[in-house]
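Colleague: Sharing a structure here in structure tokens format.
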Amino acid sequence: MSLFSMTGKNVLITGASSGFGYHFAGVLADAGANVALGARRVDKIEARVQEINAAGGKAWGFELDVREPESVASFMQAAEDAGGPIDVIINNAGVESGAKTYAMIDEDDWDHVMDTNLKSVWRITKMYTERMIANGQKEGNVVNISSITAYRTIKGQFPYAVSKAALVKATEIMALEGAKFGLRVNALAPGYILTDVSRVLLESDRSETFVKGIPMRRYGEFEDLDGPLLLLASDASRYMTGSTVVVDGGHICAEL
């Protein structure tokens, strides 16, 4: 549908070398977007760029460490040089600390997860807002990738779950404060989908019991996120900001 078209829009995707970001790059390119992929693993980025371009899309890949301000600035500049002013940013980069409780992690674990999953989103959104103002852009769009762990509490997901819960609140505040610049900020909160981050849990001996807590009785697939992603990234959501769209098979509605 044209309502969800991304034709001509320049989209930046962080953490695009695997998982959600890798998949999202293809979805957005198929919808007509020009996509700039950023991640630390440049070889995987380049492979994905080649796939997208070979399929008729338009993609570029650049090295990016979201924890480093200079790297973020270089990524944004390179993306603008390649495709023009940025229309949409998908803040997807994220890490886990493993199946650890609050008593098991150390300060390095905490800082690594928080810097990647939360602080980087603030930094990138701030830098994007500054670029919008400098470029005279009247509209901008940020989609933050949160998680069902922002709402459901299970053992062994600290500080990942903390970072994702904080990201939901950060989304709301940035939406409130960014509106005067024409910036919309929303979040997508996937349920349990098999990725590098969730594999430890979903392929464990707890899997059979855990899936019974999902009303639809299955884990999600990447394709289940395509529609919600396009909703938030496109003009179809032009009157949405500060919202978090949960895609989890009804998990947060289920009894604990």
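Note on naming: chains are A, B, ... as they come in the structure tokens, residues start from 1 per chain, ligands start from 1 in the order shown.
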Find the residues near Thr101 (chain A): any atom within 10 Å, counting only C-alpha atoms, skip ones fewer than 3 places away on the same chain, and give them as a PyMOL selection string.

Modeller: chain A and resi 97-98+104-105+154-159

Colleague: List every residue of region 11-46 of chain A that DSSP, applied to the backbone of this structure, places in strand (DSSP E or B), and write the result as a list in words.

Modeller: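 Of region 11-46 of chain A, the ones in strand (DSSP E or B) are Val11, Leu12, Ile13, Thr14, Asn34, Val35, Ala36, Leu37, Gly38 and Ala39 of chain A.
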
Colleague: Convert the current residue selection to file output with C-alpha atoms, as a short mmCIF file (atom, residue, chain, number, x, y, z; two decimals), in the first residue's frame.

Modeller:
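part.cif, written as the output of this step:
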data_model
loop_
_atom_site.label_atom_id
_atom_site.label_comp_id
_atom_site.auth_asym_id
_atom_site.auth_seq_id
_atom_site.Cartn_x
_atom_site.Cartn_y
_atom_site.Cartn_z
CA VAL A 11 16.89 5.63 6.52
CA LEU A 12 19.74 4.93 8.94
CA ILE A 13 19.79 1.58 10.73
CA THR A 14 22.15 0.87 13.61
CA ASN A 34 17.52 4.24 0.64
CA VAL A 35 19.18 2.49 3.58
CA ALA A 36 22.45 3.28 5.33
CA LEU A 37 23.59 0.34 7.43
CA GLY A 38 25.88 0.79 10.41
CA ALA A 39 27.65 -1.75 12.62
#

Colleague: Here is a test: counting only C-alpha atoms, which residue of A:Ala233, A:Ala73, A:Val246, A:Ile252 is nearest to Leu3 (chain A)?

Modeller: A:Ala233

Colleague: Give me the residues near Ala78 (chain A) as a PyMOL selection string, where near means some atom within 12 Å (using only C-alpha atoms) and where sequence neighbours in that chain fewer than 3 positions away do not count.

Modeller: chain A and resi 12+36-38+60-64+71-75+81-86

Colleague: Can you write out as a Markdown table which residues of region 16-82 of chain A fall within 9 Å of region 111-117 of chain A, alongside each residue's closest atom pair and its distance in Å to one decimal, counting only C-alpha atoms and ordering rows by chain and ascending residue number?

Modeller:
| residue | atom | partner | partner_atom | distance |
| --- | --- | --- | --- | --- |
| A:Asp65 | CA | A:Thr116 | CA | 8.8 |
| A:Val66 | CA | A:Thr116 | CA | 6.5 |
| A:Arg67 | CA | A:Thr116 | CA | 5.9 |

Colleague: Using only C-alpha atoms, what does the table of region 129-166 of chain A residues within 12 Å of region 172-176 of chain A look like, with each row giving the shortest atom pair and its distance in Å to one decimal, sorted by chain and ascending number, as a Markdown table?

Modeller:
| residue | atom | partner | partner_atom | distance |
| --- | --- | --- | --- | --- |
| A:Thr129 | CA | A:Met174 | CA | 10.3 |
| A:Gly140 | CA | A:Ala175 | CA | 11.0 |
| A:Asn141 | CA | A:Ala175 | CA | 9.8 |
| A:Val142 | CA | A:Ala175 | CA | 9.1 |
| A:Val143 | CA | A:Ala175 | CA | 10.7 |
| A:Asn144 | CA | A:Glu172 | CA | 10.7 |
| A:Ala165 | CA | A:Glu172 | CA | 11.4 |
| A:Ala166 | CA | A:Glu172 | CA | 10.0 |

Colleague: Kindly save the residues from that selection, with N, CA and C atoms included, as an mmCIF file, in the first residue's frame.

Modeller:
data_model
loop_
_atom_site.group_PDB
_atom_site.id
_atom_site.type_symbol
_atom_site.label_atom_id
_atom_site.label_comp_id
_atom_site.auth_asym_id
_atom_site.auth_seq_id
_atom_site.Cartn_x
_atom_site.Cartn_y
_atom_site.Cartn_z
ATOM 1 N N THR A 129 18.701 15.453 15.836
ATOM 2 C CA THR A 129 17.939 16.691 16.014
ATOM 3 C C THR A 129 18.782 17.899 15.620
ATOM 4 N N GLY A 140 11.194 14.844 11.052
ATOM 5 C CA GLY A 140 12.144 13.766 11.293
ATOM 6 C C GLY A 140 11.433 12.643 12.007
ATOM 7 N N ASN A 141 12.028 11.467 11.965
ATOM 8 C CA ASN A 141 11.371 10.300 12.526
ATOM 9 C C ASN A 141 12.406 9.356 13.132
ATOM 10 N N VAL A 142 12.191 8.973 14.377
ATOM 11 C CA VAL A 142 13.059 8.021 15.061
ATOM 12 C C VAL A 142 12.218 6.843 15.535
ATOM 13 N N VAL A 143 12.704 5.630 15.254
ATOM 14 C CA VAL A 143 12.062 4.412 15.743
ATOM 15 C C VAL A 143 13.063 3.677 16.622
ATOM 16 N N ASN A 144 12.752 3.572 17.906
ATOM 17 C CA ASN A 144 13.622 2.875 18.848
ATOM 18 C C ASN A 144 13.164 1.427 18.999
ATOM 19 N N ALA A 165 13.320 -1.053 29.397
ATOM 20 C CA ALA A 165 12.253 -0.324 30.083
ATOM 21 C C ALA A 165 12.549 1.170 30.085
ATOM 22 N N ALA A 166 13.802 1.517 30.340
ATOM 23 C CA ALA A 166 14.198 2.925 30.315
ATOM 24 C C ALA A 166 14.043 3.511 28.914
#

Colleague: Mind pulling up the distance from CA of Gly182 (chain A) to CA of Lys138 (chain A)?

Modeller: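 Pair CA of Lys138 (chain A) / CA of Gly182 (chain A) returns 5.4 Å.
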
Colleague: DSSP on the backbone: what in region 76-220 of chain A comes out helix (DSSP H, G or I), as a PyMOL selection string?

Modeller: chain A and resi 76-83+107-135+148-150+160-181+199-202+207-211
